[in-house]
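Coordinates from work_37.cif are shown below (mmCIF, C-alpha atoms).
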```
data_model
#
loop_
_atom_site.label_atom_id
_atom_site.label_comp_id
_atom_site.auth_asym_id
_atom_site.auth_seq_id
_atom_site.Cartn_x
_atom_site.Cartn_y
_atom_site.Cartn_z
CA MET A 4 10.01 -22.48 55.20
CA ARG A 5 10.10 -24.94 52.37
CA LYS A 6 12.29 -24.31 49.38
CA GLY A 7 10.39 -21.95 46.99
CA LYS A 8 9.10 -23.03 43.62
CA THR A 9 9.11 -20.89 40.56
CA TYR A 10 5.91 -19.53 39.03
CA GLU A 11 6.50 -21.74 35.99
CA GLN A 12 6.71 -24.83 38.19
CA LEU A 13 3.37 -23.99 39.77
CA ASN A 14 1.83 -23.55 36.34
CA LYS A 15 3.06 -27.01 35.39
CA THR A 16 1.37 -28.37 38.50
CA VAL A 17 -1.96 -27.15 37.17
CA ASP A 18 -1.25 -28.41 33.66
CA THR A 19 -0.40 -31.91 34.92
CA ASN A 20 -3.34 -32.14 37.33
CA PRO A 21 -5.27 -35.05 35.77
CA GLN A 22 -8.66 -34.10 37.17
CA ASN A 23 -8.07 -30.40 36.52
CA THR A 24 -9.67 -29.79 39.92
CA LEU A 25 -7.44 -26.85 40.91
CA THR A 26 -7.10 -23.54 39.17
CA LYS A 27 -3.81 -21.68 38.98
CA GLU A 28 -5.16 -19.14 41.44
CA GLU A 29 -6.04 -21.86 43.93
CA ILE A 30 -2.59 -23.43 43.68
CA LEU A 31 -0.99 -20.02 44.03
CA ASN A 32 -3.00 -19.20 47.17
CA TYR A 33 -2.19 -22.60 48.63
CA ALA A 34 1.51 -22.13 47.97
CA LEU A 35 1.51 -18.69 49.57
CA ASN A 36 -0.47 -19.76 52.65
CA ASN A 37 1.80 -22.73 53.24
CA GLY A 38 5.08 -20.85 52.87
CA MET A 39 6.00 -22.48 49.57
CA LEU A 40 6.38 -19.19 47.73
CA ASP A 41 7.54 -15.68 48.33
CA LEU A 42 5.01 -13.09 47.07
CA ALA A 43 7.82 -10.74 46.10
CA LEU A 44 9.40 -13.52 44.05
CA ILE A 45 6.14 -14.11 42.19
CA GLN A 46 5.70 -10.43 41.44
CA ALA A 47 9.29 -10.18 40.22
CA GLN A 48 8.85 -13.16 37.93
CA GLU A 49 5.60 -11.78 36.55
CA GLN A 50 7.31 -8.48 35.88
CA MET A 51 10.16 -10.24 34.07
CA GLN A 52 7.66 -12.14 31.95
CA LYS A 53 5.88 -8.91 30.99
CA ARG A 54 9.18 -7.27 30.10
CA LYS A 55 10.09 -10.24 27.93
CA GLU A 56 6.74 -10.10 26.11
CA ILE A 57 7.11 -6.37 25.44
CA LEU A 58 10.59 -6.83 23.99
CA ASN A 59 9.42 -9.77 21.84
CA ASN A 60 6.53 -7.71 20.45
CA HIS A 61 8.61 -4.58 19.83
CA PRO A 62 8.36 -4.11 16.03
CA TYR A 63 11.93 -2.86 15.57
CA GLU A 64 15.32 -4.44 15.92
CA ILE A 65 17.46 -3.54 18.91
CA TYR A 66 21.05 -3.48 17.69
CA GLN A 67 24.55 -2.26 18.49
CA GLY A 68 26.07 0.26 16.09
CA LYS A 69 29.68 0.62 14.97
CA ASP A 70 30.09 3.31 17.62
CA GLN A 71 29.27 0.65 20.25
CA LYS A 72 26.06 2.48 21.16
CA TRP A 73 22.72 0.67 21.19
CA TYR A 74 19.90 1.65 18.83
CA THR A 75 16.26 1.03 18.03
CA TYR A 76 13.22 2.91 16.72
CA LEU A 77 10.10 4.03 18.55
CA PRO A 78 6.82 4.83 16.77
CA ASP A 79 5.98 8.49 16.19
CA LYS A 80 2.56 9.81 15.14
CA THR A 81 3.87 12.41 12.70
CA LYS A 82 7.14 10.97 11.38
CA GLY A 83 6.23 7.31 11.55
CA ARG A 84 9.19 6.40 13.73
CA LEU A 85 12.10 8.01 15.54
CA LYS A 86 15.58 6.59 16.02
CA LYS A 87 16.71 6.23 19.65
CA LYS A 88 20.21 5.71 21.06
CA ARG A 89 21.50 4.63 24.48
CA ASN A 90 24.88 3.67 25.89
CA SER A 91 23.99 0.09 26.79
CA LYS A 92 21.61 -2.67 25.79
CA LYS A 93 20.02 -2.54 29.21
CA GLU A 94 19.27 1.16 28.82
CA ILE A 95 17.76 0.83 25.34
CA GLU A 96 15.60 -2.12 26.48
CA ALA A 97 14.43 -0.06 29.47
CA LEU A 98 13.44 2.74 27.08
CA VAL A 99 11.44 0.33 24.93
CA ILE A 100 9.73 -1.25 27.94
CA ASP A 101 8.81 2.13 29.44
CA PHE A 102 7.43 3.34 26.13
CA TRP A 103 5.21 0.31 25.45
CA SER A 104 4.18 -0.10 29.10
CA GLU A 105 2.73 3.39 29.03
CA LYS A 106 1.02 2.77 25.70
CA LEU A 107 -0.46 -0.55 26.82
CA LYS A 108 -2.13 0.94 29.87
CA ASP A 109 -4.80 2.82 27.96
CA PRO A 110 -3.91 3.14 24.27
CA THR A 111 -5.55 5.51 21.84
CA VAL A 112 -6.77 4.58 18.38
CA ALA A 113 -3.61 6.23 17.05
CA ASP A 114 -1.43 4.09 19.32
CA VAL A 115 -2.98 0.87 18.03
CA PHE A 116 -2.72 2.09 14.44
CA THR A 117 0.99 2.74 14.93
CA GLU A 118 1.51 -0.69 16.47
CA TRP A 119 -0.42 -2.36 13.63
CA VAL A 120 1.24 -0.56 10.72
CA GLU A 121 4.75 -0.86 12.14
CA ARG A 122 4.31 -4.59 12.66
CA LYS A 123 3.04 -5.08 9.09
CA LEU A 124 6.07 -3.23 7.75
CA GLU A 125 8.47 -5.13 9.97
CA VAL A 126 7.25 -8.60 8.93
CA GLY A 127 7.01 -7.66 5.25
CA ASP A 128 3.23 -7.72 4.87
CA ILE A 129 3.42 -4.27 3.28
CA GLY A 130 6.14 -2.32 1.51
CA LYS A 131 7.41 1.12 2.42
CA ALA A 132 5.25 2.80 -0.23
CA THR A 133 2.08 1.25 1.21
CA TYR A 134 3.28 2.16 4.71
CA ASP A 135 3.59 5.81 3.67
CA ARG A 136 0.13 5.75 2.08
CA TYR A 137 -1.39 4.32 5.27
CA LEU A 138 0.22 7.13 7.27
CA ILE A 139 -1.10 9.78 4.88
CA ASP A 140 -4.62 8.33 5.00
CA PHE A 141 -4.55 8.04 8.78
CA ASN A 142 -3.41 11.64 9.23
CA ARG A 143 -6.12 12.74 6.82
CA PHE A 144 -9.09 10.86 8.25
CA PHE A 145 -8.27 10.14 11.91
CA THR A 146 -7.23 13.58 13.22
CA GLU A 147 -9.83 13.58 16.00
CA PHE A 148 -10.98 9.96 16.07
CA GLY A 149 -7.36 8.87 16.53
CA LYS A 150 -7.25 10.60 19.93
CA LYS A 151 -10.01 8.40 21.36
CA LYS A 152 -9.12 5.76 23.92
CA ILE A 153 -9.66 2.55 22.02
CA LYS A 154 -11.20 0.71 24.97
CA GLU A 155 -13.98 3.30 25.00
CA VAL A 156 -14.79 3.05 21.26
CA THR A 157 -18.12 1.38 20.49
CA PRO A 158 -19.48 -0.04 17.22
CA ALA A 159 -21.82 2.97 17.08
CA ASP A 160 -18.79 5.31 17.29
CA ILE A 161 -17.18 3.55 14.33
CA SER A 162 -20.38 3.73 12.28
CA ASP A 163 -20.77 7.45 13.01
CA PHE A 164 -17.10 8.08 12.20
CA ALA A 165 -17.31 6.27 8.85
CA LYS A 166 -20.47 8.09 7.76
CA HIS A 167 -19.15 11.46 8.91
CA SER A 168 -15.87 10.91 7.03
CA VAL A 169 -17.62 10.01 3.78
CA LYS A 170 -19.64 13.22 3.97
CA LYS A 171 -16.89 15.51 5.29
CA PHE A 172 -14.24 14.47 2.77
CA GLY A 173 -16.60 13.80 -0.14
CA LEU A 174 -15.25 10.26 -0.49
CA THR A 175 -15.83 8.11 -3.51
CA ASN A 176 -16.53 4.42 -2.96
CA LYS A 177 -12.89 3.68 -3.77
CA ALA A 178 -11.58 6.32 -1.34
CA TYR A 179 -13.82 4.91 1.38
CA SER A 180 -12.26 1.48 0.82
CA ASN A 181 -8.90 2.99 1.84
CA LEU A 182 -10.45 4.28 5.07
CA ARG A 183 -12.07 0.89 5.64
CA THR A 184 -8.69 -0.86 5.29
CA LEU A 185 -7.36 1.18 8.22
CA LEU A 186 -10.44 0.47 10.34
CA PHE A 187 -10.02 -3.27 9.74
CA GLY A 188 -6.33 -3.19 10.61
CA ILE A 189 -6.69 -1.07 13.76
CA PHE A 190 -9.61 -2.89 15.31
CA LYS A 191 -8.48 -6.39 14.40
CA ARG A 192 -5.26 -5.57 16.22
CA ALA A 193 -7.29 -4.13 19.10
CA PHE A 194 -9.38 -7.32 19.29
CA THR A 195 -6.26 -9.47 19.33
CA ASN A 196 -4.81 -7.39 22.17
CA GLY A 197 -8.04 -7.58 24.14
CA TYR A 198 -8.86 -3.87 23.95
CA VAL A 199 -12.24 -4.45 22.27
CA THR A 200 -14.60 -7.41 22.23
CA PHE A 201 -16.53 -6.80 19.01
CA SER A 202 -15.72 -7.95 15.45
CA ILE A 203 -14.83 -5.00 13.21
CA THR A 204 -15.78 -7.09 10.16
CA ASN A 205 -19.39 -7.31 11.34
CA VAL A 206 -19.44 -3.66 12.40
CA VAL A 207 -18.27 -2.38 9.00
CA LYS A 208 -20.56 -4.79 7.14
CA ASP A 209 -23.56 -3.44 9.06
CA ILE A 210 -22.88 0.23 8.24
CA GLU A 211 -25.57 1.39 5.83
CA PHE A 212 -24.95 4.11 3.25
CA SER A 213 -27.51 5.63 0.94
CA ARG A 214 -26.96 5.46 -2.80
CA LYS A 215 -26.12 9.17 -2.84
CA ALA A 216 -23.66 9.01 0.07
CA PHE A 217 -20.53 8.55 -2.02
CA ALA A 218 -19.18 11.21 -4.34
CA ARG A 219 -19.12 10.35 -8.02
CA ASN A 220 -15.92 10.62 -9.97
CA ASP A 221 -17.41 10.57 -13.44
CA LYS A 222 -15.28 12.44 -15.96
CA GLU A 223 -15.94 13.05 -19.61
CA ASP A 224 -14.43 10.45 -21.93
CA TRP A 225 -12.31 13.03 -23.75
CA LYS A 226 -10.51 13.76 -20.48
CA GLU A 227 -9.87 10.10 -19.72
CA VAL A 228 -8.53 8.75 -23.04
CA PHE A 229 -6.93 9.93 -26.25
CA MET A 230 -9.75 10.48 -28.75
CA GLU A 231 -9.48 8.94 -32.21
CA ASP A 232 -8.24 12.19 -33.74
CA GLU A 233 -5.79 12.90 -30.86
CA LEU A 234 -3.82 9.66 -30.71
CA PRO A 235 -2.26 10.05 -34.21
CA LEU A 236 -1.13 13.58 -33.28
CA PHE A 237 0.41 12.33 -30.06
CA ILE A 238 2.19 9.40 -31.72
CA ASP A 239 3.43 11.53 -34.65
CA TYR A 240 5.06 13.98 -32.26
CA LEU A 241 6.81 11.17 -30.32
CA VAL A 242 8.07 9.54 -33.53
CA SER A 243 9.34 12.82 -34.98
CA HIS A 244 11.07 13.87 -31.74
CA GLN A 245 12.87 10.72 -30.75
CA ASP A 246 14.67 10.76 -27.45
CA ILE A 247 14.66 8.25 -24.61
CA LEU A 248 11.64 9.82 -22.87
CA ASN A 249 9.46 10.15 -25.95
CA LEU A 250 10.24 6.58 -26.97
CA GLY A 251 9.22 5.47 -23.49
CA LEU A 252 5.90 7.30 -23.83
CA LEU A 253 5.40 5.69 -27.23
CA LEU A 254 6.04 2.23 -25.80
CA MET A 255 3.38 2.83 -23.15
CA VAL A 256 0.83 3.79 -25.79
CA VAL A 257 1.33 0.58 -27.79
CA THR A 258 1.69 -1.87 -24.86
CA GLY A 259 -0.51 -0.48 -22.08
CA LEU A 260 2.31 -0.77 -19.53
CA ARG A 261 1.95 1.03 -16.22
CA VAL A 262 4.41 3.88 -15.90
CA GLY A 263 5.86 2.29 -12.76
CA GLU A 264 6.43 -0.94 -14.68
CA LEU A 265 7.98 0.79 -17.68
CA VAL A 266 10.72 2.57 -15.70
CA ALA A 267 11.66 -0.75 -14.04
CA ILE A 268 12.10 -2.75 -17.26
CA GLU A 269 15.61 -3.92 -18.09
CA PHE A 270 16.83 -4.94 -21.53
CA SER A 271 17.24 -8.45 -20.12
CA ASP A 272 13.46 -8.52 -19.54
CA ILE A 273 12.82 -8.32 -23.30
CA GLU A 274 12.98 -11.26 -25.68
CA ASN A 275 12.03 -10.72 -29.33
CA ASN A 276 8.57 -9.07 -29.17
CA VAL A 277 7.81 -9.97 -25.54
CA ILE A 278 8.37 -7.86 -22.42
CA TYR A 279 8.42 -9.90 -19.22
CA VAL A 280 6.93 -7.60 -16.58
CA ASN A 281 8.01 -8.59 -13.08
CA LYS A 282 9.18 -5.38 -11.42
CA MET A 283 7.96 -1.89 -10.67
CA GLU A 284 9.12 1.37 -9.17
CA THR A 285 8.03 2.15 -5.63
CA ARG A 286 8.62 5.29 -3.60
CA TYR A 287 8.59 6.09 0.10
CA LYS A 288 9.86 8.69 2.53
CA ASP A 289 13.06 7.96 4.42
CA PRO A 290 12.08 8.15 8.11
CA VAL A 291 15.35 9.85 9.08
CA SER A 292 16.03 12.34 6.28
CA GLY A 293 12.43 12.80 5.15
CA LYS A 294 13.55 12.53 1.52
CA THR A 295 11.55 10.56 -1.05
CA ILE A 296 13.33 7.36 -2.03
CA PHE A 297 12.67 5.69 -5.41
CA GLU A 298 13.38 1.97 -5.66
CA VAL A 299 12.76 -0.88 -8.08
CA VAL A 300 11.17 -3.88 -6.38
CA ASN A 301 10.61 -7.41 -7.65
CA ASP A 302 6.86 -7.08 -7.56
CA THR A 303 3.96 -5.80 -9.64
CA LYS A 304 0.95 -3.72 -8.69
CA SER A 305 -1.72 -6.30 -9.45
CA GLU A 306 -2.28 -9.85 -8.24
CA ALA A 307 -1.72 -11.03 -11.80
CA GLY A 308 1.99 -11.24 -11.01
CA THR A 309 4.65 -11.68 -13.69
CA ARG A 310 3.19 -11.46 -17.17
CA GLU A 311 4.15 -11.38 -20.83
CA VAL A 312 3.31 -8.20 -22.74
CA ILE A 313 3.41 -8.30 -26.53
CA ILE A 314 4.96 -5.43 -28.51
CA PRO A 315 3.21 -4.81 -31.88
CA ASP A 316 5.44 -5.74 -34.82
CA ASP A 317 5.33 -2.20 -36.21
CA TYR A 318 6.92 -0.86 -33.03
CA LEU A 319 9.74 -3.34 -32.41
CA TRP A 320 12.08 -0.64 -33.75
CA VAL A 321 11.41 1.38 -30.57
CA ILE A 322 13.38 -1.10 -28.44
CA LYS A 323 16.29 -1.12 -30.90
CA LYS A 324 16.39 2.68 -30.97
CA MET A 325 16.33 2.85 -27.18
CA ARG A 326 19.34 0.54 -27.05
CA ILE A 327 21.17 2.82 -29.48
CA LEU A 328 20.41 5.85 -27.30
CA ASN A 329 21.28 3.90 -24.16
CA PRO A 330 24.00 1.40 -25.21
CA TRP A 331 25.36 0.44 -21.78
CA GLY A 332 22.65 0.96 -19.19
CA PRO A 333 20.76 -2.05 -17.81
CA TYR A 334 17.40 -0.26 -17.72
CA LEU A 335 15.40 0.57 -20.81
CA LEU A 336 14.96 4.17 -19.69
CA MET A 337 18.16 5.85 -18.55
CA LYS A 338 19.53 9.38 -18.92
CA ASP A 339 23.12 10.28 -18.11
CA GLY A 340 23.60 6.86 -16.54
CA VAL A 341 20.66 7.28 -14.15
CA ARG A 342 17.39 5.38 -14.29
CA VAL A 343 14.46 7.58 -15.34
CA LYS A 344 11.81 8.01 -12.62
CA THR A 345 8.05 7.96 -13.10
CA TYR A 346 7.63 11.67 -12.35
CA THR A 347 9.98 12.52 -15.25
CA LEU A 348 7.76 10.67 -17.73
CA ARG A 349 4.64 12.32 -16.31
CA LYS A 350 6.16 15.77 -16.83
CA ARG A 351 7.24 14.88 -20.37
CA GLN A 352 3.77 13.58 -21.30
CA LYS A 353 2.18 16.82 -20.10
CA PHE A 354 4.73 18.75 -22.18
CA VAL A 355 3.92 16.73 -25.33
CA CYS A 356 0.17 17.19 -24.80
CA ASP A 357 0.69 20.95 -24.52
CA LYS A 358 2.79 20.97 -27.70
CA THR A 359 0.18 19.07 -29.70
CA GLY A 360 -2.82 20.97 -28.34
CA ILE A 361 -4.25 17.91 -26.61
CA TYR A 362 -6.05 18.14 -23.28
CA PRO A 363 -3.39 17.09 -20.70
CA LYS A 364 -3.46 13.35 -20.17
CA SER A 365 -1.33 11.37 -17.75
CA PRO A 366 0.49 8.12 -18.58
CA HIS A 367 -2.41 6.30 -16.93
CA LYS A 368 -4.70 7.82 -19.58
CA SER A 369 -2.45 6.22 -22.22
CA ARG A 370 -3.08 2.92 -20.47
CA LYS A 371 -6.84 3.54 -20.44
CA THR A 372 -6.67 4.33 -24.15
CA TYR A 373 -4.86 1.05 -24.77
CA GLY A 374 -7.43 -0.93 -22.77
CA THR A 375 -10.26 0.72 -24.72
CA ILE A 376 -8.59 -0.15 -28.04
CA LEU A 377 -8.27 -3.82 -27.03
CA LEU A 378 -11.93 -4.01 -26.00
CA ASP A 379 -13.19 -2.14 -29.07
CA ASN A 380 -11.29 -4.56 -31.30
CA GLN A 381 -12.74 -7.58 -29.49
CA VAL A 382 -9.38 -9.01 -28.49
CA PRO A 383 -9.85 -12.34 -26.63
CA THR A 384 -10.46 -11.85 -22.92
CA ALA A 385 -7.45 -13.92 -21.83
CA MET A 386 -5.13 -11.77 -23.93
CA ILE A 387 -6.62 -8.54 -22.58
CA LEU A 388 -6.07 -9.72 -19.01
CA GLN A 389 -2.47 -10.62 -19.77
CA GLN A 390 -1.65 -7.39 -21.60
CA MET A 391 -3.30 -5.23 -18.94
CA GLY A 392 -2.19 -7.23 -15.91
CA HIS A 393 -5.73 -7.60 -14.60
CA THR A 394 -7.24 -10.65 -12.93
CA GLU A 395 -10.84 -9.96 -13.98
CA ILE A 396 -12.18 -8.59 -17.26
CA LEU A 397 -14.75 -6.63 -15.25
CA THR A 398 -11.92 -4.41 -14.01
CA THR A 399 -10.91 -3.56 -17.58
CA GLU A 400 -14.49 -3.01 -18.74
CA LYS A 401 -15.53 -0.91 -15.73
CA HIS A 402 -12.48 1.30 -15.28
CA TYR A 403 -10.71 1.33 -18.67
CA HIS A 404 -13.38 1.18 -21.37
CA ARG A 405 -14.22 4.65 -22.72
CA ASN A 406 -15.71 6.13 -25.85
CA ARG A 407 -12.99 7.57 -28.13
CA LYS A 408 -15.28 8.84 -30.89
CA ARG A 409 -16.29 12.44 -31.39
CA THR A 410 -19.95 13.44 -31.76
CA GLU A 411 -19.77 13.47 -35.56
CA ALA A 412 -18.43 9.93 -35.71
CA LYS A 413 -21.03 8.69 -33.24
CA SER A 414 -23.74 10.36 -35.31
CA ARG A 415 -22.60 8.56 -38.48
CA ILE A 416 -22.67 5.19 -36.72
CA ILE A 417 -26.14 5.70 -35.27
CA SER A 418 -27.49 7.05 -38.57
CA THR A 419 -26.36 3.98 -40.54
CA ILE A 420 -28.29 1.50 -38.37
CA PRO A 421 -31.01 0.06 -40.67
CA ASP A 422 -33.69 -0.08 -37.99
CA LEU A 423 -33.19 3.63 -37.27
CA ALA A 424 -33.37 4.72 -40.91
CA ALA A 425 -36.50 6.21 -42.48
CA GLN A 426 -38.86 3.50 -43.71
#
```

Show me, as structure tokens, the structure contained in the file I just sent.
Amino acid sequence: MRKGKTYEQLNKTVDTNPQNTLTKEEILNYALNNGMLDLALIQAQEQMQKRKEILNNHPYEIYQGKDQKWYTYLPDKTKGRLKKKRNSKKEIEALVIDFWSEKLKDPTVADVFTEWVERKLEVGDIGKATYDRYLIDFNRFFTEFGKKKIKEVTPADISDFAKHSVKKFGLTNKAYSNLRTLLFGIFKRAFTNGYVTFSITNVVKDIEFSRKAFARNDKEDWKEVFMEDELPLFIDYLVSHQDILNLGLLLMVVTGLRVGELVAIEFSDIENNVIYVNKMETRYKDPVSGKTIFEVVNDTKSEAGTREVIIPDDYLWVIKKMRILNPWGPYLLMKDGVRVKTYTLRKRQKFVCDKTGIYPKSPHKSRKTYGTILLDNQVPTAMILQQMGHTEILTTEKHYHRNRKRTEAKSRIISTIPDLAAQ
């Protein structure tokens, strides 16, 4: 028998065949029939190649701990991921290979979702907070659909699932967009892996909803912003009860900062009357302890990126007073040497609203009030976008512009219009 060639060498034979007259299968059959290759050797090499591909695509690091044991994570449908330990590298790699080999045979929708979301987290496409939100949305919407074998899912199944979810959960258009994000991610990954042959983009685009399909989230203006007679009450209380939290709430009212941005601001981010916004608080669940972790990340919520926010001249004293109350801490908002979290400010704002007899409004309602004030005062569009951190003025006008006038005030305005007066 001639000396055997490796599978890779045979592949090169095909690749260098100038006329491309032989397929790999034909060369392989020829080699086997003429004693050039051992079938067992080929199968072993193919198996090694598959094992290598599985390990390369495993979304988690395989590493050796200080205890000399070997560790990695495996995806878990409920907890996101589970930590695994073995005595040797060979054993931990065998565990990974067995796990993914079983999954790759006939994966469910949930299996592909896990693979997709873990990979996005691993390569940094999403942060841990977004990862947690994807898990929550998946567990909410895909309880039954997630059990389906993905190779059996048809475009009609996806259309039926989307329509049923909108009706079952009473989704708004915005909530449906969150569901749609998961569908895109799952089935694009499935297409890449060869599990499905259709384009999810075309499938989702072709789903037709009636105008009444989506739930409306219209709330009265007085619930969404501080009315003209409420804002002075709110501000007066904050000014007359100055502590680090109330001053933080006041700063939000006069700058329109997001609460997650405010708690991440450091004194070094402020120069004269300008706040340079380039960070925000994010939160996520620790996969091991299950505890919620709060972190400051060098990122902002919108695509606007780092921006300059102007503090009104009449409120520059707020920053000085905050430094007096917090002389050594790096962050603007600190209590007892610890950075204040977003949930603390939300609780304080509810408390102040209760004290002043104002319908409870969240910090985001302060931001909506600020956006409304800018629009009502015809501030230049470019300045509004910068102050709000939006990329399009349509976003501000559609989601942040509310009426702050009571019925009496609106009546006076309408009644003074010359064309509506008695002739």

For the PyMOL selection byres ((chain A and resi 96) around 10), applied here, can you spell out every residue it catches as a PDB file with C-alpha atoms, in the frame of the given file?
```pdb
ATOM      1  CA  ARG A  54       9.180  -7.270  30.100  1.00  0.00           C
ATOM      2  CA  LYS A  55      10.090 -10.240  27.930  1.00  0.00           C
ATOM      3  CA  ILE A  57       7.110  -6.370  25.440  1.00  0.00           C
ATOM      4  CA  LEU A  58      10.590  -6.830  23.990  1.00  0.00           C
ATOM      5  CA  HIS A  61       8.610  -4.580  19.830  1.00  0.00           C
ATOM      6  CA  ILE A  65      17.460  -3.540  18.910  1.00  0.00           C
ATOM      7  CA  TRP A  73      22.720   0.670  21.190  1.00  0.00           C
ATOM      8  CA  TYR A  74      19.900   1.650  18.830  1.00  0.00           C
ATOM      9  CA  THR A  75      16.260   1.030  18.030  1.00  0.00           C
ATOM     10  CA  ARG A  89      21.500   4.630  24.480  1.00  0.00           C
ATOM     11  CA  SER A  91      23.990   0.090  26.790  1.00  0.00           C
ATOM     12  CA  LYS A  92      21.610  -2.670  25.790  1.00  0.00           C
ATOM     13  CA  LYS A  93      20.020  -2.540  29.210  1.00  0.00           C
ATOM     14  CA  GLU A  94      19.270   1.160  28.820  1.00  0.00           C
ATOM     15  CA  ILE A  95      17.760   0.830  25.340  1.00  0.00           C
ATOM     16  CA  ALA A  97      14.430  -0.060  29.470  1.00  0.00           C
ATOM     17  CA  LEU A  98      13.440   2.740  27.080  1.00  0.00           C
ATOM     18  CA  VAL A  99      11.440   0.330  24.930  1.00  0.00           C
ATOM     19  CA  ILE A 100       9.730  -1.250  27.940  1.00  0.00           C
ATOM     20  CA  ASP A 101       8.810   2.130  29.440  1.00  0.00           C
ATOM     21  CA  PHE A 102       7.430   3.340  26.130  1.00  0.00           C
TER      22      PHE A 102
END
```

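The list of residues with at least one atom within 8 Å of Ile278 (chain A), based on only C-alpha atoms and without residues fewer than 2 positions apart in the same chain, reads A:Asp272, A:Ile273, A:Glu274, A:Asn276, A:Val280, A:Glu311, A:Val312, A:Ile313, A:Ile314.
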
Please provide as a PDB file with C-alpha atoms, in the frame of the given file all residues within 8 Å of Val343 (chain A), with the sequence filter that same-chain residues fewer than 6 positions apart are discarded (counting all atoms listed in the file).
```
ATOM      1  CA  VAL A 266      10.720   2.570 -15.700  1.00  0.00           C
ATOM      2  CA  LEU A 336      14.960   4.170 -19.690  1.00  0.00           C
ATOM      3  CA  MET A 337      18.160   5.850 -18.550  1.00  0.00           C
TER       4      MET A 337
END
```

The PyMOL selection byres ((chain A and resi 179-189) around 10) applied to the shown file, residues as JSON, numbers by chain = {"A": [112, 113, 114, 115, 116, 117, 118, 119, 120, 123, 136, 137, 138, 140, 141, 143, 144, 145, 153, 161, 165, 166, 168, 169, 172, 173, 174, 175, 176, 177, 178, 190, 191, 192, 193, 194, 202, 203, 204, 206, 207, 217]}

Output C-alpha atoms for every residue in that selection, as an mmCIF file, in the frame of the given file.
```cif
data_model
loop_
_atom_site.group_PDB
_atom_site.id
_atom_site.type_symbol
_atom_site.label_atom_id
_atom_site.label_comp_id
_atom_site.auth_asym_id
_atom_site.auth_seq_id
_atom_site.Cartn_x
_atom_site.Cartn_y
_atom_site.Cartn_z
ATOM 1 C CA VAL A 112 -6.770 4.580 18.380
ATOM 2 C CA ALA A 113 -3.610 6.230 17.050
ATOM 3 C CA ASP A 114 -1.430 4.090 19.320
ATOM 4 C CA VAL A 115 -2.980 0.870 18.030
ATOM 5 C CA PHE A 116 -2.720 2.090 14.440
ATOM 6 C CA THR A 117 0.990 2.740 14.930
ATOM 7 C CA GLU A 118 1.510 -0.690 16.470
ATOM 8 C CA TRP A 119 -0.420 -2.360 13.630
ATOM 9 C CA VAL A 120 1.240 -0.560 10.720
ATOM 10 C CA LYS A 123 3.040 -5.080 9.090
ATOM 11 C CA ARG A 136 0.130 5.750 2.080
ATOM 12 C CA TYR A 137 -1.390 4.320 5.270
ATOM 13 C CA LEU A 138 0.220 7.130 7.270
ATOM 14 C CA ASP A 140 -4.620 8.330 5.000
ATOM 15 C CA PHE A 141 -4.550 8.040 8.780
ATOM 16 C CA ARG A 143 -6.120 12.740 6.820
ATOM 17 C CA PHE A 144 -9.090 10.860 8.250
ATOM 18 C CA PHE A 145 -8.270 10.140 11.910
ATOM 19 C CA ILE A 153 -9.660 2.550 22.020
ATOM 20 C CA ILE A 161 -17.180 3.550 14.330
ATOM 21 C CA ALA A 165 -17.310 6.270 8.850
ATOM 22 C CA LYS A 166 -20.470 8.090 7.760
ATOM 23 C CA SER A 168 -15.870 10.910 7.030
ATOM 24 C CA VAL A 169 -17.620 10.010 3.780
ATOM 25 C CA PHE A 172 -14.240 14.470 2.770
ATOM 26 C CA GLY A 173 -16.600 13.800 -0.140
ATOM 27 C CA LEU A 174 -15.250 10.260 -0.490
ATOM 28 C CA THR A 175 -15.830 8.110 -3.510
ATOM 29 C CA ASN A 176 -16.530 4.420 -2.960
ATOM 30 C CA LYS A 177 -12.890 3.680 -3.770
ATOM 31 C CA ALA A 178 -11.580 6.320 -1.340
ATOM 32 C CA PHE A 190 -9.610 -2.890 15.310
ATOM 33 C CA LYS A 191 -8.480 -6.390 14.400
ATOM 34 C CA ARG A 192 -5.260 -5.570 16.220
ATOM 35 C CA ALA A 193 -7.290 -4.130 19.100
ATOM 36 C CA PHE A 194 -9.380 -7.320 19.290
ATOM 37 C CA SER A 202 -15.720 -7.950 15.450
ATOM 38 C CA ILE A 203 -14.830 -5.000 13.210
ATOM 39 C CA THR A 204 -15.780 -7.090 10.160
ATOM 40 C CA VAL A 206 -19.440 -3.660 12.400
ATOM 41 C CA VAL A 207 -18.270 -2.380 9.000
ATOM 42 C CA PHE A 217 -20.530 8.550 -2.020
#
```

Around (7.1, -4.0, 8.9) in the file's own coordinates, what residues are found within 12 Å if you use all atoms listed in the file, given back as a list in words?
-> His61, Pro62, Tyr63, Glu64, Pro78, Gly83, Arg84, Thr117, Glu118, Trp119, Val120, Glu121, Arg122, Lys123, Leu124, Glu125, Val126, Gly127, Asp128, Ile129, Gly130, Lys131, Ala132, Thr133, Tyr134 and Asp135 of chain A

Using only C-alpha atoms, the residue out of A:Ser365, A:Asn205, A:Asn329, A:Ser292 with shortest distance to Asp246 (chain A) is A:Asn329

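If you look at CA of Asp302 (chain A) and CA of Lys282 (chain A), they are 4.8 Å away from each other.
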
d(CA of Asp317 (chain A), CA of Lys338 (chain A)) in Å = 25.2 Å

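With all atoms listed in the file as the atoms that count, the minimum distance from Lys288 (chain A) to the choices A:Asp70, A:Thr347, A:Gly263, A:Lys82 is reached by A:Lys82.
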
So how many Å separate CA of Asp289 (chain A) and CA of Glu147 (chain A), to one decimal?
-> 26.3 Å
